[in-house]
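Colleague: Contents of structure05.txt (compact mmCIF, C-alpha atoms) are below:
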```txt
# COMPACT_ATOMS: atom_id res chain seq x y z
CA MET F 1 16.96 91.95 158.36
CA GLN F 2 19.58 94.21 159.92
CA THR F 3 22.40 92.76 161.99
CA HIS F 4 24.62 94.45 164.56
CA PHE F 5 27.71 92.31 164.91
CA THR F 6 31.02 93.89 165.83
CA ASP F 7 34.05 93.62 163.58
CA ALA F 8 35.61 91.25 166.08
CA GLN F 9 32.54 89.00 165.97
CA ARG F 10 32.51 89.02 162.18
CA ALA F 11 35.99 87.51 162.16
CA ALA F 12 34.50 84.23 163.39
CA PRO F 13 33.41 81.80 160.62
CA LEU F 14 30.28 80.88 162.57
CA ILE F 15 29.15 84.51 162.67
CA GLN F 16 29.97 85.00 159.01
CA SER F 17 27.79 82.05 158.06
CA ALA F 18 24.97 83.04 160.41
CA GLU F 19 24.96 86.69 159.36
CA ALA F 20 24.60 85.74 155.71
CA GLU F 21 21.43 83.81 156.55
CA LEU F 22 20.08 86.43 158.95
CA ARG F 23 20.37 89.12 156.29
CA LYS F 24 18.30 87.05 153.84
CA CYS F 25 15.31 86.97 156.19
CA VAL F 26 12.70 89.64 155.37
CA HIS F 27 10.24 88.56 158.10
CA CYS F 28 7.59 87.84 155.48
CA GLY F 29 5.96 85.15 157.65
CA PHE F 30 5.59 82.49 154.95
CA CYS F 31 7.39 80.09 157.28
CA THR F 32 4.76 80.40 159.99
CA ALA F 33 2.18 78.68 157.79
CA THR F 34 4.24 75.47 157.57
CA CYS F 35 5.86 75.40 161.02
CA PRO F 36 4.42 72.54 163.12
CA THR F 37 4.93 74.19 166.51
CA TYR F 38 3.52 77.54 165.41
CA ARG F 39 0.44 75.79 164.05
CA LEU F 40 -0.04 74.10 167.43
CA THR F 41 0.54 77.16 169.61
CA GLY F 42 0.04 80.33 167.57
CA ASP F 43 3.03 81.75 169.46
CA GLU F 44 5.34 83.90 167.32
CA LEU F 45 8.37 82.65 169.26
CA GLU F 46 7.39 79.09 168.31
CA SER F 47 7.82 79.98 164.63
CA PRO F 48 11.00 80.08 162.53
CA ARG F 49 10.68 83.87 162.24
CA GLY F 50 10.49 84.26 166.00
CA ARG F 51 13.27 81.80 166.65
CA ILE F 52 15.52 83.62 164.18
CA VAL F 53 15.11 86.76 166.29
CA LEU F 54 16.05 84.79 169.41
CA ILE F 55 19.09 83.30 167.66
CA GLN F 56 20.23 86.70 166.41
CA ASP F 57 20.04 88.05 169.94
CA LEU F 58 22.08 85.11 171.27
CA LEU F 59 24.78 85.62 168.67
CA GLU F 60 24.99 89.40 168.91
CA THR F 61 24.87 89.78 172.70
CA GLU F 62 26.86 86.61 173.51
CA ALA F 63 24.65 86.38 176.57
CA VAL F 64 23.91 83.25 178.57
CA PRO F 65 20.70 81.86 177.03
CA SER F 66 17.66 82.30 179.24
CA ALA F 67 15.44 79.35 180.13
CA ARG F 68 12.69 80.92 178.01
CA THR F 69 14.90 81.18 174.94
CA VAL F 70 16.17 77.64 175.42
CA ALA F 71 12.62 76.30 175.66
CA HIS F 72 11.51 77.96 172.43
CA LEU F 73 14.58 76.69 170.56
CA ASP F 74 14.24 73.20 172.07
CA HIS F 75 10.68 73.03 170.77
CA CYS F 76 11.95 73.34 167.18
CA LEU F 77 11.87 69.97 165.39
CA SER F 78 14.50 70.95 162.78
CA CYS F 79 12.01 69.62 160.24
CA LEU F 80 13.18 72.35 157.81
CA SER F 81 9.73 72.86 156.38
CA CYS F 82 10.50 76.55 156.73
CA GLU F 83 13.44 76.15 154.32
CA SER F 84 11.18 74.65 151.68
CA THR F 85 8.71 77.52 152.14
CA CYS F 86 11.07 80.50 152.44
CA PRO F 87 10.98 82.68 149.29
CA SER F 88 14.25 84.35 150.32
CA GLY F 89 16.22 81.13 150.56
CA VAL F 90 17.12 81.34 154.25
CA SER F 91 18.97 78.19 155.33
CA TYR F 92 17.41 77.85 158.75
CA ARG F 93 19.56 74.84 159.61
CA ARG F 94 22.64 77.11 159.52
CA LEU F 95 21.06 79.10 162.33
CA ILE F 96 19.34 76.57 164.57
CA ASP F 97 22.29 74.14 164.71
CA PRO F 98 24.85 76.76 165.87
CA ALA F 99 22.28 78.06 168.36
CA ARG F 100 21.99 74.60 169.87
CA GLU F 101 25.76 74.40 170.14
CA LEU F 102 25.76 77.71 172.01
CA ILE F 103 23.05 76.47 174.36
CA GLU F 104 25.01 73.30 175.00
CA SER F 105 28.13 75.29 175.91
CA ARG F 106 26.59 78.23 177.81
CA HIS F 107 23.36 77.07 179.40
CA ARG F 108 23.15 74.71 182.37
CA ARG F 109 20.06 72.55 182.09
CA PRO F 110 18.34 70.80 185.02
CA TRP F 111 20.16 67.63 185.96
CA SER F 112 17.40 65.34 184.69
CA ASP F 113 17.50 67.00 181.26
CA ARG F 114 21.30 66.80 181.13
CA ALA F 115 21.18 63.14 182.12
CA LEU F 116 18.57 62.24 179.50
CA ARG F 117 20.36 64.09 176.69
CA GLY F 118 23.69 62.58 177.62
CA LEU F 119 22.16 59.11 177.76
CA LEU F 120 20.52 59.47 174.36
CA ALA F 121 23.70 60.79 172.73
CA TRP F 122 25.60 57.78 174.11
CA LEU F 123 22.99 55.06 173.78
CA LEU F 124 21.59 55.77 170.32
CA THR F 125 24.98 56.08 168.61
CA GLY F 126 26.07 52.53 169.39
CA ARG F 127 24.31 49.62 167.66
CA ARG F 128 25.18 47.03 170.29
CA ARG F 129 24.33 49.34 173.17
CA PHE F 130 21.00 50.20 171.62
CA ALA F 131 20.15 46.57 170.86
CA ALA F 132 20.93 45.63 174.46
CA ALA F 133 18.77 48.50 175.69
CA LEU F 134 15.85 47.24 173.58
CA ARG F 135 16.16 43.78 175.09
CA LEU F 136 16.19 45.31 178.56
CA GLY F 137 13.33 47.62 177.68
CA ARG F 138 11.06 44.74 176.71
CA GLY F 139 11.57 43.27 180.16
CA VAL F 140 10.94 46.46 182.12
CA ARG F 141 8.27 48.03 179.90
CA PRO F 142 5.63 47.94 182.68
CA LEU F 143 8.01 49.80 185.02
CA LEU F 144 8.76 52.39 182.32
CA ARG F 145 5.06 53.00 181.84
CA LEU F 146 4.54 53.35 185.58
CA ALA F 147 7.46 55.76 185.95
CA GLY F 148 6.23 57.61 182.88
CA ARG F 149 3.27 58.92 184.84
CA ALA F 150 5.73 61.17 186.63
CA TRP F 151 8.27 61.68 183.81
CA ALA F 152 6.84 61.81 180.30
CA PRO F 153 10.05 60.87 178.45
CA LEU F 154 9.97 57.44 180.07
CA ALA F 155 6.40 56.88 178.92
CA ALA F 156 7.45 57.88 175.40
CA LEU F 157 10.40 55.51 175.60
CA ALA F 158 8.13 52.65 176.69
CA ARG F 159 5.91 53.19 173.65
CA MET F 160 8.91 52.99 171.32
CA VAL F 161 10.14 49.59 172.58
CA PRO F 162 8.91 46.84 170.20
CA GLU F 163 6.61 44.21 171.67
CA ALA F 164 8.77 41.44 170.20
CA PRO F 165 12.39 41.24 169.02
CA PRO F 166 13.02 41.71 165.28
CA ALA F 167 12.72 38.54 163.21
CA ASP F 168 15.92 39.12 161.23
CA SER F 169 19.50 40.01 162.08
CA ALA F 170 21.63 42.85 160.78
CA LEU F 171 23.40 42.39 157.46
CA ALA F 172 26.83 40.81 157.56
CA PRO F 173 29.68 42.90 156.12
CA GLY F 174 30.78 41.89 152.66
CA VAL F 175 30.36 42.37 148.92
CA TYR F 176 27.09 41.13 147.45
CA PRO F 177 27.29 40.90 143.63
CA ALA F 178 24.53 42.14 141.36
CA ALA F 179 22.19 39.51 139.96
CA GLY F 180 22.98 39.84 136.27
CA ARG F 181 24.40 42.94 134.65
CA GLU F 182 25.95 45.41 137.07
CA PHE F 183 24.74 49.01 136.71
CA CYS F 184 26.40 50.48 139.81
CA ARG F 185 28.17 49.73 143.07
CA VAL F 186 26.45 50.83 146.27
CA LEU F 187 27.88 51.30 149.75
CA LEU F 188 24.97 50.31 152.01
CA VAL F 189 25.62 51.75 155.46
CA THR F 190 23.37 50.13 158.05
CA GLY F 191 23.85 52.67 160.84
CA CYS F 192 23.06 52.22 164.52
CA VAL F 193 19.35 52.38 165.44
CA GLN F 194 17.63 50.80 162.44
CA PRO F 195 19.51 47.44 162.52
CA ALA F 196 18.22 46.90 166.04
CA LEU F 197 14.67 48.16 165.46
CA ALA F 198 14.00 46.92 161.94
CA PRO F 199 16.81 44.94 160.28
CA GLU F 200 14.30 43.72 157.70
CA ILE F 201 14.53 47.13 155.98
CA ASP F 202 18.16 46.76 154.95
CA ALA F 203 17.61 43.08 154.14
CA ALA F 204 14.84 44.09 151.71
CA THR F 205 17.09 46.82 150.28
CA LEU F 206 19.88 44.33 149.64
CA ARG F 207 17.56 41.95 147.76
CA LEU F 208 15.98 44.80 145.82
CA LEU F 209 19.22 46.41 144.71
CA ARG F 210 20.90 43.15 143.69
CA ARG F 211 17.81 42.18 141.71
CA HIS F 212 18.07 45.44 139.77
CA GLY F 213 21.74 45.45 138.89
CA CYS F 214 23.59 46.79 141.93
CA THR F 215 26.61 45.26 143.57
CA VAL F 216 26.15 46.10 147.23
CA VAL F 217 29.03 46.63 149.65
CA VAL F 218 28.18 46.42 153.34
CA PRO F 219 31.16 47.93 155.18
CA ALA F 220 32.91 46.18 158.03
CA ALA F 221 32.68 47.43 161.59
CA GLY F 222 34.43 50.72 162.25
CA GLY F 223 31.91 53.19 160.90
CA GLY F 224 28.36 53.42 162.09
CA CYS F 225 26.26 56.26 163.43
CA CYS F 226 26.01 59.14 160.97
CA GLY F 227 26.13 61.69 163.82
CA ALA F 228 22.68 63.20 163.27
CA LEU F 229 21.41 62.51 166.78
CA PRO F 230 24.23 64.23 168.73
CA HIS F 231 24.39 66.96 166.08
CA HIS F 232 20.79 68.00 166.71
CA LEU F 233 21.37 67.83 170.46
CA GLY F 234 23.98 70.57 170.08
CA LYS F 235 26.90 68.17 170.56
CA ALA F 236 28.78 69.25 167.45
CA GLY F 237 32.12 67.84 168.61
CA ARG F 238 30.65 64.37 169.00
CA ALA F 239 28.94 64.60 165.59
CA GLN F 240 32.22 65.59 163.93
CA GLN F 241 34.03 62.77 165.71
CA LEU F 242 31.56 60.22 164.37
CA ALA F 243 31.75 61.70 160.87
CA ARG F 244 35.54 61.49 160.83
CA ARG F 245 35.41 57.91 162.08
CA ASN F 246 33.06 57.05 159.22
CA LEU F 247 35.30 58.68 156.63
CA VAL F 248 38.23 56.57 157.82
CA ALA F 249 36.14 53.39 157.90
CA TRP F 250 34.58 53.94 154.47
CA GLY F 251 37.56 55.57 152.77
CA GLU F 252 38.67 52.39 151.01
CA HIS F 253 35.29 52.21 149.27
CA LEU F 254 35.46 55.76 147.91
CA ALA F 255 38.65 55.47 145.89
CA GLY F 256 40.35 53.06 143.51
CA ASP F 257 39.04 50.67 140.89
CA ALA F 258 36.44 49.20 143.25
CA ALA F 259 35.08 52.56 144.39
CA VAL F 260 31.34 52.74 144.91
CA ASP F 261 29.13 55.01 142.83
CA VAL F 262 26.53 55.59 145.52
CA VAL F 263 26.54 55.91 149.31
CA LEU F 264 23.21 54.88 150.77
CA MET F 265 21.57 54.80 154.18
CA THR F 266 17.96 53.68 154.09
CA ALA F 267 16.95 56.01 156.93
CA SER F 268 16.43 59.35 155.21
CA GLY F 269 17.37 61.20 158.40
CA CYS F 270 20.79 59.59 158.22
CA GLY F 271 21.05 60.23 154.50
CA SER F 272 20.34 63.91 155.05
CA GLN F 273 23.13 64.04 157.63
CA LEU F 274 25.60 62.33 155.28
CA ARG F 275 24.71 64.79 152.54
CA ASP F 276 25.65 67.58 154.98
CA TYR F 277 29.12 66.18 155.76
CA GLY F 278 30.62 68.73 153.38
CA HIS F 279 29.42 71.45 155.75
CA LEU F 280 30.00 69.59 159.02
CA LEU F 281 33.63 68.93 158.02
CA ALA F 282 34.12 71.86 155.67
CA ASP F 283 37.92 71.53 155.61
CA ASP F 284 37.90 67.86 154.56
CA PRO F 285 37.76 67.06 150.81
CA ALA F 286 36.83 63.45 151.63
CA ALA F 287 33.69 64.67 153.39
CA ARG F 288 32.64 66.63 150.32
CA GLU F 289 33.33 63.65 148.08
CA LEU F 290 31.25 61.34 150.23
CA ALA F 291 28.40 63.87 150.36
CA ARG F 292 28.42 64.07 146.55
CA ARG F 293 27.73 60.33 146.27
CA VAL F 294 24.89 60.18 148.79
CA ARG F 295 21.48 59.14 147.45
CA ASP F 296 18.17 58.33 149.04
CA LEU F 297 16.94 54.85 148.12
CA SER F 298 14.02 56.29 146.14
CA GLN F 299 16.40 58.46 144.09
CA LEU F 300 18.60 55.48 143.31
CA LEU F 301 15.61 53.31 142.38
CA LEU F 302 14.31 55.99 140.04
CA GLU F 303 17.72 56.18 138.36
CA LEU F 304 17.75 52.40 137.97
CA HIS F 305 14.19 52.44 136.62
CA ALA F 306 15.24 54.95 133.96
CA ARG F 307 17.97 52.55 132.80
CA GLN F 308 15.87 49.42 132.95
CA PRO F 309 12.26 49.28 134.24
CA LEU F 310 11.79 47.76 137.67
CA ARG F 311 10.87 44.09 137.45
CA VAL F 312 7.36 44.30 138.85
CA ILE F 313 5.47 41.02 139.34
CA PRO F 314 2.30 41.33 137.21
CA GLY F 315 -0.83 41.84 139.26
CA ARG F 316 0.89 41.81 142.62
CA SER F 317 0.37 45.51 143.43
CA ALA F 318 -2.80 46.03 141.38
CA GLY F 319 -5.45 47.84 143.38
CA VAL F 320 -3.27 48.35 146.45
CA ALA F 321 -3.65 51.91 147.73
CA VAL F 322 -0.79 53.21 149.88
CA ALA F 323 -0.52 56.43 151.85
CA TRP F 324 2.88 58.05 151.34
CA GLN F 325 4.35 59.66 154.44
CA ASN F 326 7.19 61.83 153.22
CA PRO F 327 9.77 62.26 156.01
CA CYS F 328 10.91 65.83 156.69
CA SER F 329 14.50 64.71 156.22
CA LEU F 330 13.64 63.59 152.69
CA GLN F 331 11.29 66.30 151.45
CA HIS F 332 13.01 69.22 153.20
CA GLY F 333 16.47 67.99 154.21
CA LEU F 334 17.24 66.31 150.88
CA ALA F 335 14.70 68.40 148.92
CA GLU F 336 13.22 65.25 147.36
CA LYS F 337 9.46 65.04 146.84
CA ARG F 338 9.07 63.34 143.45
CA ALA F 339 11.17 60.18 143.47
CA PRO F 340 9.36 58.07 146.13
CA VAL F 341 5.93 58.62 144.60
CA ALA F 342 7.27 57.97 141.09
CA VAL F 343 8.88 54.69 142.21
CA LEU F 344 5.76 53.46 143.99
CA GLU F 345 3.59 54.34 141.01
CA ALA F 346 6.05 52.58 138.67
CA CYS F 347 5.46 49.48 140.80
CA GLY F 348 1.73 49.75 140.21
CA PHE F 349 0.60 51.12 143.56
CA GLU F 350 -2.06 53.79 143.89
CA VAL F 351 -0.28 56.46 145.93
CA ARG F 352 -2.32 58.77 148.14
CA GLU F 353 -0.78 61.71 149.98
CA PRO F 354 -2.37 62.96 153.20
CA ARG F 355 -3.51 66.50 153.96
CA ASP F 356 -0.72 68.79 155.12
CA ALA F 357 1.82 66.31 153.79
CA TYR F 358 4.64 68.76 154.52
CA LEU F 359 4.09 68.64 158.30
CA CYS F 360 6.31 66.66 160.66
CA CYS F 361 5.10 63.48 162.38
CA GLY F 362 6.86 64.50 165.61
CA SER F 363 9.66 61.93 165.58
CA ALA F 364 12.55 64.22 164.60
CA GLY F 365 15.37 62.08 165.93
CA THR F 366 15.11 62.25 169.72
CA TYR F 367 12.35 64.88 169.74
CA ASN F 368 9.61 62.41 170.63
CA LEU F 369 11.57 61.52 173.77
CA LEU F 370 12.62 65.06 174.72
CA GLN F 371 9.38 66.86 173.81
CA PRO F 372 6.71 64.16 174.18
CA ALA F 373 3.77 66.59 174.51
CA PHE F 374 4.40 68.25 171.14
CA ALA F 375 5.44 64.96 169.53
CA THR F 376 2.28 63.14 170.62
CA ARG F 377 0.00 65.79 169.16
CA LEU F 378 1.92 65.85 165.89
CA GLY F 379 2.05 62.07 165.67
CA THR F 380 -1.69 61.78 166.30
CA ASP F 381 -2.47 64.37 163.62
CA LYS F 382 -0.21 62.66 161.08
CA ALA F 383 -1.55 59.15 161.77
CA GLU F 384 -5.13 60.37 161.45
CA ALA F 385 -4.32 62.17 158.19
CA LEU F 386 -2.77 59.00 156.76
CA ALA F 387 -5.76 56.90 157.83
CA ALA F 388 -8.14 59.45 156.29
CA THR F 389 -6.72 58.68 152.84
CA GLY F 390 -8.51 55.32 152.97
CA ALA F 391 -5.31 53.52 151.98
CA ALA F 392 -4.57 49.96 153.02
CA LEU F 393 -1.21 50.82 154.53
CA ALA F 394 1.26 53.68 154.93
CA VAL F 395 4.78 53.85 153.54
CA SER F 396 7.72 55.98 154.65
CA ALA F 397 11.47 56.19 154.18
CA ASN F 398 12.71 56.86 157.71
CA ILE F 399 12.84 54.50 160.69
CA GLY F 400 12.12 57.35 163.10
CA CYS F 401 8.85 58.23 161.37
CA ILE F 402 7.87 54.57 161.11
CA SER F 403 8.51 53.94 164.81
CA GLN F 404 6.68 57.10 165.83
CA LEU F 405 3.60 56.41 163.72
CA ARG F 406 3.33 52.74 164.65
CA THR F 407 2.61 53.80 168.24
CA GLN F 408 -0.40 55.97 167.33
CA PRO F 409 -3.97 54.72 167.98
CA ALA F 410 -5.08 55.49 164.40
CA ALA F 411 -1.99 53.96 162.81
CA LEU F 412 -2.17 52.15 159.51
CA PRO F 413 0.28 49.27 158.98
CA MET F 414 3.61 51.06 158.41
CA LEU F 415 6.24 49.84 155.96
CA HIS F 416 9.48 51.19 154.60
CA VAL F 417 9.50 51.88 150.87
CA ALA F 418 12.26 49.26 150.47
CA GLU F 419 10.03 46.53 151.88
CA LEU F 420 7.10 47.41 149.65
CA VAL F 421 9.10 47.74 146.42
CA ASP F 422 10.99 44.54 147.22
CA TRP F 423 7.67 42.71 147.58
CA ALA F 424 6.28 44.23 144.37
CA THR F 425 9.34 43.10 142.40
CA GLY F 426 9.57 39.53 143.68
CA GLY F 427 10.38 39.56 147.38
CA GLU F 428 8.39 38.03 150.21
CA ARG F 429 5.49 39.87 151.76
CA PRO F 430 6.78 41.99 154.72
CA HIS F 431 6.01 40.28 158.01
CA THR F 432 4.96 43.60 159.56
CA TRP F 433 2.16 43.96 157.01
CA ALA F 434 -1.02 43.12 158.94
CA ALA F 435 -3.34 40.46 157.54
CA GLU F 436 -6.15 42.94 156.95
CA ALA F 437 -3.94 44.87 154.51
CA SER F 438 -4.24 42.05 152.00
CA CYS F 439 -3.86 42.46 148.29
```
Could you take the file, read its structure, and then write that structure out as structure tokens?
Modeller:
Amino acid sequence: MQTHFTDAQRAAPLIQSAEAELRKCVHCGFCTATCPTYRLTGDELESPRGRIVLIQDLLETEAVPSARTVAHLDHCLSCLSCESTCPSGVSYRRLIDPARELIESRHRRPWSDRALRGLLAWLLTGRRRFAAALRLGRGVRPLLRLAGRAWAPLAALARMVPEAPPADSALAPGVYPAAGREFCRVLLVTGCVQPALAPEIDAATLRLLRRHGCTVVVPAAGGGCCGALPHHLGKAGRAQQLARRNLVAWGEHLAGDAAVDVVLMTASGCGSQLRDYGHLLADDPAARELARRVRDLSQLLLELHARQPLRVIPGRSAGVAVAWQNPCSLQHGLAEKRAPVAVLEACGFEVREPRDAYLCCGSAGTYNLLQPAFATRLGTDKAEALAATGAALAVSANIGCISQLRTQPAALPMLHVAELVDWATGGERPHTWAAEASC
């Protein structure tokens, strides 16, 4: 597509990057077929192609974004399904993220929206704050539901609060040696939201990796949130601040004789953000080095399986059908579609993929709180598609997807891939696996 930037505008790195992507777009419309919001509305401006036009106009005119433009861009989930579909190789993320930064700096939202976004950017990036909020939320859930009749985000928040506190605690910092021969050293970053919502996921990961030849390093306090949540809220400065803090906190584990081979976060949304540190902090070699070592758990497990087959307990997984819910951050953000299915099948599970497996479940970080109407419809569709596979349970690789889908009426029991593979290779049965999903 043609662009009309001035020479002065083209001197800015942001415009240079955006123009390169804009010029790739040929308006073919392939992206509309896989865009969740376009499929729900049929509105061209709710498609990647339409939003690209809106973003180009924002960048070229340098105008204050209108409420209409802001709404259409806010409705985007950043699922990146359009990137996987685009035959021209347009990196949509390099357009939508700068557009959100411009909205954040130029557009004044209603006070309630500003308050909610500010609260989420503060609350969800601190593990202790978020854990305290969950404890409070369990006590005031009835009030949240009542208030939610007037303000949908509160109703969505009430649905996300677990009925009971997690059974386990977050992993303690330290070095956990491999059981037997060491194949690699892994930096297991526990993050901010998942340790409070589901600490059993990282506990299962630790057991699983040690069992299969990994020495696992859990870093001490200092690092934490990957920065994905503020980044997708348009708060680029806060995201960069968190990324730099992490690089300082984890720097000792990336160099020297005891350097780790792999950097791992078991929430694929966080892993996708870490992989993008080389772009977020383009002038920092340490960011690029960290990004190079990032793996999703399924990718690491497949690498380990190639070296030495996973130690599956005979008969344990025989006949167990699982529905694989591939998070957008994994299949589009990290461009990984093969590894999780291959790992589950190597463990003996019958893997079933739902219809329209490429579509988002509606979680998308804070999307299910900020856009509950869209998120509810997408979550319902995804849960029903998973149930239609006839599987005993559903498996994912992202805490956001798991939390979103557990709240749906048609939900199957939801597990993280770490929990299921840990059980198949000798671990205890996950406590969240309902009794009816017996093997």
Colleague: Which centre and edge lengths in Å to one decimal define the box along x, y and z that fits every listed atom of segment 361-369 of chain F plus 3 Å per side, as AutoDock Vina command-line options?
Modeller:
```
--center_x 10.2 --center_y 63.2 --center_z 168.1 --size_x 16.3 --size_y 9.4 --size_z 17.4
```
Colleague: Counting only C-alpha atoms, which residue out of F:Ile399, F:Val216, F:Ala228, F:Leu297 sits closest to Tyr277 of chain F?
Modeller: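 Once distances to Tyr277 of chain F are computed over only C-alpha atoms, the minimum belongs to F:Ala228.
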Colleague: Counting only C-alpha atoms, which residue out of F:Arg316, F:Arg352, F:Arg127, F:His75 sits closest to Leu420 of chain F?
Modeller: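 So, comparing all the options, the nearest one is F:Arg316.
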Colleague: Figure out the distance between atom CA of Arg106 of chain F and atom CA of Trp122 of chain F, please, to one decimal in Å.
Modeller: 20.8 Å
Colleague: Considering all atoms listed in the file, state which residue in the set F:Leu136, F:Thr266, F:Cys28, F:Gln273 is at the smallest distance from Ala198 of chain F.
Modeller: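 When distances to Ala198 of chain F are compared using all atoms listed in the file, the smallest one comes from F:Thr266.
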Colleague: List the neighbours of Ser91 of chain F out to 8 Å using only C-alpha atoms; skip same-chain residues closer than 4 positions along the sequence, and give me the result as a ChimeraX atom specification.
Modeller: /F:21,83,95
